[in-house]
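A.B. asks: Got a structure here, written out as structure tokens. Questions coming.
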Amino acid sequence: MLMAQPIQETEVNQDGTKRSLSNRHVQMIAIGGTIGTGLFLGAGSTISKSGPTILLLYAVLGTLFFFMMRAIGEMLYSQPDQHTFVGFISKYLGKGPGVFAGLTYWLALIFAGMSELTAIATYVKFWFPTWNTAAIEISFLAVLVLLNILAARAFGETEFWFAMIKIIAIISLIVTGIFMVMTGFKSPGGAEASFLNIFPNFSLFPNGFQAFLGSIPMVFFAMAGMEFVGITIGETKNPRKVLKKAINETVYRVLLFYIGALIIIMSIMPWTSITAGNSPFVQVFKLAGFPAAAAVINFVVLTSASSALNSVLFSSGRHLYQLSRELDWKPLAKIAKAGIPAPAILFSGALLLFAPVIASIPSINDAFQFVTGGTSDLYLVVYLMTMVAHRRFRVSPEFMPDGFKMPWYRYTSPITIGAFVLVFLSLFANPNDVIPATGAIIWVIVFGGYCYLCFRNQEMATI
């Protein structure tokens with residue numbers, strides 16, 4: 001077993017990448033990557049399905065993500081030169097599972113990026129409805145690709161300010177809501193703002209157990225992306241110090257922002273009056289007498305989608321670079337002079353150009369939603385494989401007894417794995433998720449089986 005040894009905090013890694021991200025970058029990247037349109041636009045849907053129980057659901061799933069992040073953090077602490085946590089799957093489960101997980105996660109990021117690019121055009125057209133959709137998407141993509149290939153610090157600064165806008169919006173909602181409660185604000189319908197609005201006629205499953213199960217995937221995927229912090233560590237100054245702070249504090253802050261915002265929303269408006277089709281943020285600010293609420297929240301979700309796309313470019317580039325090194329794809333395994341895997345970023349960005357092509361074909365809308373839904377489900381598969389890889393790491397020579405260990409590992413590891421399985425099964429409670437979830441299973445069996453057999457035969461051939 002290894003003991004924690006101080007690593008040399010150089011600016012340049014052995015592969016040519018540079019450690020230019022600071023603690024404030026990593027903190028905001030982690031927070032910003034998790035808080036997105038799932039809160040600003042999707043909170044109405046989750047509240048309408050589960051009522052006040054949604055607070056408990058966010059707390060439980062937030063804790064689940066915390067344990068997964070601590071497992072990832074434990075491995076990264078021992079090997080901070082890794083560019084992606086998926087690399088541990090190759091190391092501890094084998095090359096076949098590692099290639100499968102890497103390509104799966106990379107493709108999921110690409111399709112997620114396409115959906116974010118499509119969303120960006122929608123939000124821009126809120127103000128400029130006559131602008132060409134493809135031109136908007138290509139312009140935003142070009143700017144963000146350029147920022148990503150300039151330097152990791154340029155990405156970090158951009159993401160810092162994108163995240164700051166979201167955090168300001170949430171804090172503004174919380175402060176406004178507290179003021180409305182303290183002053184006894186009454187809505188036009190006669191409802192008085194009060195924290196007690198959360199509890200009348202409380203029921204654990206107010207719309208039935210089926211509706212509660214259907215809200216689990218929505219909350220889970222609202223939090224997905226928290227693992228992005230594990231992709232920045234390979235290019236972060238003082239990685240071990242920053243890693244501990246980023247993981248421990250980010251989860252607490254995310255839970256505070258999510259749960260705090262939802263408490264305020266349900267205190268201002270009785271949860272039974274909240275509908276799935278409207279943003280509760282817009283409703284609260286309009287009740288507070290802010291007529292431009294819709295435009296402001298549209299700006300926030302525009303920056304949120306831009307932030308997500310920015311993170312997709314950063315993450316997909318690093319994943320493709322890592323895969324290219326493993327598979328000896330030399331053109332994509334190069335590092336530019338700026339210390340950036342520019343070829344991998346440019347290739348990933350080029351694939352995102354299919355978003356405006358897809359959006360221009362009216363008949364492909366349902367298929368596009370299916371693909372993005374299915375790849376979102378595959379995040380769960382990669383999370384599960386990462387947790388299994390962590391168990392192998394625990395009995396490997398790289399395990400550090402005095403490192404950044406996952407708390408109560410004997411219990412929290414199997415609980416987290418079991419919870420991920422239950423989340424995946426909950427997909428089948430929502431009719432919209434059944435086909436994507438089934439597609440994810442088929443993908444695992446067919447492509448996963450191919451990768452396993454292909455690389456197993458290669459390994460046996462070399463024996």
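Ordering of the structure tokens sets the chain letters (A, B, ...); residue numbers start at 1 within each chain; ligands are numbered from 1 in the order shown.
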Would you kindly return, as JSON, numbers by chain, each protein, DNA or RNA residue with an atom no farther than 12 Å from any atom of stretch 418-426 of chain A, considering only C-alpha atoms and excluding same-chain residues fewer than 2 positions away?
C.D. replies: {"A": [57, 60, 61, 62, 63, 64, 65, 67, 68, 209, 210, 211, 212, 213, 214, 215, 216, 217, 218, 219, 220, 221, 374, 376, 377, 378, 379, 380, 381, 382, 383, 384, 385, 386, 387, 388, 411, 412, 413, 414, 415, 416, 428, 429, 430, 431, 432, 433, 434, 436, 437, 438, 440, 441]}
A.B. asks: Give one line per residue of stretch 86-195 of chain A that approaches stretch 252-275 of chain A to at most 8 Å, naming the two atoms of the closest pair and their distance in Å to one decimal, counting only C-alpha atoms; sort by chain then ascending residue number and deliver it as CSV.
C.D. replies:
residue,atom,partner,partner_atom,distance
A:Ile167,CA,A:Phe257,CA,8.0
A:Ile170,CA,A:Ala261,CA,6.6
A:Ile171,CA,A:Phe257,CA,7.8
A:Leu173,CA,A:Ala261,CA,6.9
A:Ile174,CA,A:Ala261,CA,5.9
A:Gly177,CA,A:Ile264,CA,5.6
A:Ile178,CA,A:Ile264,CA,7.1
A:Met180,CA,A:Ile268,CA,7.4
A:Val181,CA,A:Ile268,CA,7.1
A:Ala191,CA,A:Met269,CA,7.3
A:Glu192,CA,A:Ile268,CA,7.3
A:Ala193,CA,A:Ile268,CA,4.5
A:Ser194,CA,A:Ser267,CA,5.1
A:Phe195,CA,A:Ser267,CA,4.8
A.B. asks: Based on the backbone DSSP call, show me all residues of stretch 74-238 of chain A assigned helix (DSSP H, G or I), as a ChimeraX atom specification.
C.D. replies: /A:74-78,87-93,95-124,133-150,152-182,195-198,209-223,226-235
A.B. asks: Which residue gives the smallest distance to A:Val175 among A:Gly36, A:Leu332, A:Ala43, A:Ala288, with only C-alpha atoms counted?
C.D. replies: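 Among the listed residues, A:Ala288 lies closest to A:Val175.
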A.B. asks: Please provide the set of residues having any atom within 12 Å of A:Phe290, restricted to only C-alpha atoms, with same-chain residues fewer than 5 positions apart removed, written as a PDB file with all heavy atoms, in the first residue's frame.
C.D. replies:
ATOM      1  N   SER A 172     -30.472  35.508  -5.260  1.00  0.00           N
ATOM      2  CA  SER A 172     -31.485  36.562  -5.380  1.00  0.00           C
ATOM      3  C   SER A 172     -32.872  36.012  -5.075  1.00  0.00           C
ATOM      4  O   SER A 172     -33.684  36.662  -4.395  1.00  0.00           O
ATOM      5  CB  SER A 172     -31.462  37.160  -6.794  1.00  0.00           C
ATOM      6  OG  SER A 172     -30.217  37.764  -7.056  1.00  0.00           O
ATOM      7  N   LEU A 173     -33.163  34.809  -5.588  1.00  0.00           N
ATOM      8  CA  LEU A 173     -34.453  34.182  -5.305  1.00  0.00           C
ATOM      9  C   LEU A 173     -34.616  33.934  -3.809  1.00  0.00           C
ATOM     10  O   LEU A 173     -35.662  34.226  -3.226  1.00  0.00           O
ATOM     11  CB  LEU A 173     -34.578  32.862  -6.060  1.00  0.00           C
ATOM     12  CG  LEU A 173     -35.841  32.070  -5.725  1.00  0.00           C
ATOM     13  CD1 LEU A 173     -36.989  32.488  -6.632  1.00  0.00           C
ATOM     14  CD2 LEU A 173     -35.615  30.573  -5.836  1.00  0.00           C
ATOM     15  N   THR A 176     -34.988  37.297  -1.897  1.00  0.00           N
ATOM     16  CA  THR A 176     -36.306  37.864  -2.206  1.00  0.00           C
ATOM     17  C   THR A 176     -37.403  37.090  -1.490  1.00  0.00           C
ATOM     18  O   THR A 176     -38.332  37.683  -0.904  1.00  0.00           O
ATOM     19  CB  THR A 176     -36.564  37.846  -3.726  1.00  0.00           C
ATOM     20  OG1 THR A 176     -35.557  38.602  -4.387  1.00  0.00           O
ATOM     21  CG2 THR A 176     -37.934  38.423  -4.056  1.00  0.00           C
ATOM     22  N   PHE A 281     -39.115  30.067 -10.829  1.00  0.00           N
ATOM     23  CA  PHE A 281     -38.288  31.260 -10.653  1.00  0.00           C
ATOM     24  C   PHE A 281     -38.987  32.475 -11.255  1.00  0.00           C
ATOM     25  O   PHE A 281     -39.037  33.548 -10.642  1.00  0.00           O
ATOM     26  CB  PHE A 281     -36.914  31.056 -11.309  1.00  0.00           C
ATOM     27  CG  PHE A 281     -35.930  30.320 -10.456  1.00  0.00           C
ATOM     28  CD1 PHE A 281     -36.073  28.968 -10.207  1.00  0.00           C
ATOM     29  CD2 PHE A 281     -34.847  30.975  -9.894  1.00  0.00           C
ATOM     30  CE1 PHE A 281     -35.172  28.282  -9.427  1.00  0.00           C
ATOM     31  CE2 PHE A 281     -33.924  30.300  -9.102  1.00  0.00           C
ATOM     32  CZ  PHE A 281     -34.087  28.951  -8.864  1.00  0.00           C
ATOM     33  N   VAL A 282     -39.517  32.313 -12.471  1.00  0.00           N
ATOM     34  CA  VAL A 282     -40.226  33.412 -13.124  1.00  0.00           C
ATOM     35  C   VAL A 282     -41.456  33.801 -12.310  1.00  0.00           C
ATOM     36  O   VAL A 282     -41.735  34.996 -12.099  1.00  0.00           O
ATOM     37  CB  VAL A 282     -40.644  33.014 -14.559  1.00  0.00           C
ATOM     38  CG1 VAL A 282     -41.531  34.094 -15.183  1.00  0.00           C
ATOM     39  CG2 VAL A 282     -39.411  32.788 -15.427  1.00  0.00           C
ATOM     40  N   GLN A 283     -42.186  32.805 -11.803  1.00  0.00           N
ATOM     41  CA  GLN A 283     -43.397  33.078 -11.039  1.00  0.00           C
ATOM     42  C   GLN A 283     -43.100  33.859  -9.767  1.00  0.00           C
ATOM     43  O   GLN A 283     -43.801  34.804  -9.420  1.00  0.00           O
ATOM     44  CB  GLN A 283     -44.112  31.769 -10.713  1.00  0.00           C
ATOM     45  CG  GLN A 283     -44.709  31.075 -11.936  1.00  0.00           C
ATOM     46  CD  GLN A 283     -45.318  29.729 -11.596  1.00  0.00           C
ATOM     47  OE1 GLN A 283     -44.629  28.721 -11.519  1.00  0.00           O
ATOM     48  NE2 GLN A 283     -46.615  29.714 -11.381  1.00  0.00           N
ATOM     49  N   VAL A 284     -42.057  33.462  -9.032  1.00  0.00           N
ATOM     50  CA  VAL A 284     -41.711  34.136  -7.782  1.00  0.00           C
ATOM     51  C   VAL A 284     -41.285  35.583  -8.037  1.00  0.00           C
ATOM     52  O   VAL A 284     -41.739  36.514  -7.366  1.00  0.00           O
ATOM     53  CB  VAL A 284     -40.592  33.378  -7.028  1.00  0.00           C
ATOM     54  CG1 VAL A 284     -40.053  34.222  -5.879  1.00  0.00           C
ATOM     55  CG2 VAL A 284     -41.113  32.052  -6.494  1.00  0.00           C
ATOM     56  N   PHE A 285     -40.420  35.796  -9.025  1.00  0.00           N
ATOM     57  CA  PHE A 285     -39.954  37.151  -9.303  1.00  0.00           C
ATOM     58  C   PHE A 285     -41.090  38.042  -9.807  1.00  0.00           C
ATOM     59  O   PHE A 285     -41.127  39.241  -9.510  1.00  0.00           O
ATOM     60  CB  PHE A 285     -38.803  37.125 -10.320  1.00  0.00           C
ATOM     61  CG  PHE A 285     -37.488  36.701  -9.723  1.00  0.00           C
ATOM     62  CD1 PHE A 285     -36.741  35.687 -10.303  1.00  0.00           C
ATOM     63  CD2 PHE A 285     -36.999  37.313  -8.586  1.00  0.00           C
ATOM     64  CE1 PHE A 285     -35.527  35.287  -9.757  1.00  0.00           C
ATOM     65  CE2 PHE A 285     -35.781  36.929  -8.028  1.00  0.00           C
ATOM     66  CZ  PHE A 285     -35.046  35.920  -8.612  1.00  0.00           C
ATOM     67  N   ALA A 295     -37.490  37.569 -18.969  1.00  0.00           N
ATOM     68  CA  ALA A 295     -36.297  37.874 -19.749  1.00  0.00           C
ATOM     69  C   ALA A 295     -35.028  37.591 -18.957  1.00  0.00           C
ATOM     70  O   ALA A 295     -34.046  37.077 -19.494  1.00  0.00           O
ATOM     71  CB  ALA A 295     -36.320  39.334 -20.191  1.00  0.00           C
ATOM     72  N   VAL A 296     -35.041  37.919 -17.668  1.00  0.00           N
ATOM     73  CA  VAL A 296     -33.860  37.682 -16.824  1.00  0.00           C
ATOM     74  C   VAL A 296     -33.592  36.192 -16.688  1.00  0.00           C
ATOM     75  O   VAL A 296     -32.446  35.734 -16.820  1.00  0.00           O
ATOM     76  CB  VAL A 296     -34.045  38.333 -15.435  1.00  0.00           C
ATOM     77  CG1 VAL A 296     -32.944  37.883 -14.489  1.00  0.00           C
ATOM     78  CG2 VAL A 296     -34.050  39.843 -15.560  1.00  0.00           C
ATOM     79  N   ILE A 297     -34.627  35.403 -16.410  1.00  0.00           N
ATOM     80  CA  ILE A 297     -34.442  33.962 -16.258  1.00  0.00           C
ATOM     81  C   ILE A 297     -34.035  33.341 -17.594  1.00  0.00           C
ATOM     82  O   ILE A 297     -33.249  32.397 -17.638  1.00  0.00           O
ATOM     83  CB  ILE A 297     -35.724  33.294 -15.710  1.00  0.00           C
ATOM     84  CG1 ILE A 297     -36.007  33.807 -14.293  1.00  0.00           C
ATOM     85  CG2 ILE A 297     -35.578  31.788 -15.694  1.00  0.00           C
ATOM     86  CD1 ILE A 297     -34.865  33.596 -13.306  1.00  0.00           C
TER      87      ILE A 297
END
A.B. asks: Quick one: of A:Leu320, A:Ala142, A:Val251, A:Ala344, who's nearest to A:Met223, counting only C-alpha atoms?
C.D. replies: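 The answer is A:Val251, which sits nearest to A:Met223.
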A.B. asks: Pick from A:Ala121, A:Ile233, A:Ala163, A:Val242: nearest to A:Asn298, with only C-alpha atoms counted?
C.D. replies: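 Nearest candidate to A:Asn298 out of A:Ala121, A:Ile233, A:Ala163, A:Val242: A:Ala121.
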A.B. asks: Nearest to A:Pro341 among A:Phe314, A:Phe40, A:Phe126, A:Phe354, with distances taken over only C-alpha atoms: which residue is it?
C.D. replies: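 Comparing A:Phe314, A:Phe40, A:Phe126, A:Phe354 against A:Pro341, the winner is A:Phe314.
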A.B. asks: Using only C-alpha atoms, which protein or nucleic acid residues come within 12 Å of A:Leu327? Drop anything in the same chain fewer than 2 positions from it, and give the result as a list in words.
C.D. replies: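 The filter keeps Ser90, Lys95, Gly96, Gly98, Val99, Phe100, Gly102, Leu103, Leu320, Tyr321, Gln322, Leu323, Ser324, Arg325, Trp329, Lys330, Pro331, Leu332, Ala333 and Phe455 of chain A.
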A.B. asks: Name the closest residue to A:Leu76 among the candidates A:Thr104, A:Thr236, A:Ser22, A:Asn310; distances are taken between atoms, counting only C-alpha atoms.
C.D. replies: A:Thr236
A.B. asks: When you count only C-alpha atoms, which of these residues is closest to A:Ile417: A:Arg318, A:His390, A:Lys245, A:Arg24?
C.D. replies: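 For A:Ile417, the nearest of the candidates is A:His390.
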A.B. asks: How many Å separate atom CA of A:Ser315 from atom CA of A:Leu93?
C.D. replies: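 So the two atoms, atom CA of A:Ser315 and atom CA of A:Leu93, lie 21.7 Å apart.
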A.B. asks: With only C-alpha atoms as the counted atoms, please give the residues lying no more than 10 Å from A:Glu157, apart from itself and same-chain residues fewer than 3 positions off, as a count of residues only.
C.D. replies: 14
A.B. asks: I'd like the contact shell of A:Ser306 - 12 Å cut-off, only C-alpha atoms, skipping same-chain residues fewer than 3 positions apart - returned as a CSV table (one decimal) with C-alpha atoms, in the first residue's frame.
C.D. replies:
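What ended up in result18.csv:
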chain,number,residue,atom,x,y,z
A,32,GLY,CA,-21.8,25.4,-12.2
A,33,GLY,CA,-21.6,22.0,-13.9
A,36,GLY,CA,-28.5,24.0,-14.6
A,37,THR,CA,-31.8,24.3,-16.4
A,112,ALA,CA,-25.6,16.2,-24.4
A,113,GLY,CA,-23.7,19.0,-26.1
A,114,MET,CA,-26.0,18.8,-29.1
A,115,SER,CA,-29.0,19.2,-26.9
A,116,GLU,CA,-27.4,22.2,-25.1
A,117,LEU,CA,-26.5,23.8,-28.4
A,118,THR,CA,-30.1,23.4,-29.6
A,119,ALA,CA,-31.3,24.9,-26.3
A,120,ILE,CA,-29.0,27.9,-26.8
A,121,ALA,CA,-30.6,28.7,-30.1
A,123,TYR,CA,-33.1,30.9,-25.7
A,124,VAL,CA,-31.5,33.4,-28.1
A,137,GLU,CA,-25.6,27.5,-32.9
A,139,SER,CA,-21.5,31.2,-33.7
A,140,PHE,CA,-21.8,30.0,-30.0
A,141,LEU,CA,-20.0,26.8,-30.7
A,142,ALA,CA,-17.1,28.6,-32.5
A,143,VAL,CA,-16.6,31.0,-29.6
A,144,LEU,CA,-16.6,28.3,-27.0
A,145,VAL,CA,-14.3,26.0,-29.0
A,155,PHE,CA,-12.0,27.7,-20.0
A,158,THR,CA,-15.4,31.5,-18.7
A,159,GLU,CA,-16.9,28.8,-16.5
A,161,TRP,CA,-18.4,33.7,-14.6
A,162,PHE,CA,-21.1,31.5,-16.1
A,163,ALA,CA,-21.5,29.8,-12.7
A,165,ILE,CA,-24.5,34.2,-12.9
A,166,LYS,CA,-26.4,31.1,-11.9
A,299,PHE,CA,-30.7,35.1,-19.8
A,300,VAL,CA,-29.8,32.9,-16.8
A,301,VAL,CA,-30.8,29.7,-18.6
A,302,LEU,CA,-28.9,30.9,-21.7
A,303,THR,CA,-25.7,31.2,-19.7
A,309,LEU,CA,-21.7,23.3,-23.5
A,310,ASN,CA,-18.4,24.8,-22.4
A,311,SER,CA,-18.0,21.9,-19.9
A,312,VAL,CA,-18.9,19.4,-22.6
A,313,LEU,CA,-16.1,20.7,-24.9
A.B. asks: Could you work out how far atom CA of A:Thr122 lies from atom CA of A:Pro356, giving the answer in Å with one decimal?
C.D. replies: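 Atom CA of A:Pro356 sits 11.7 Å away from atom CA of A:Thr122.
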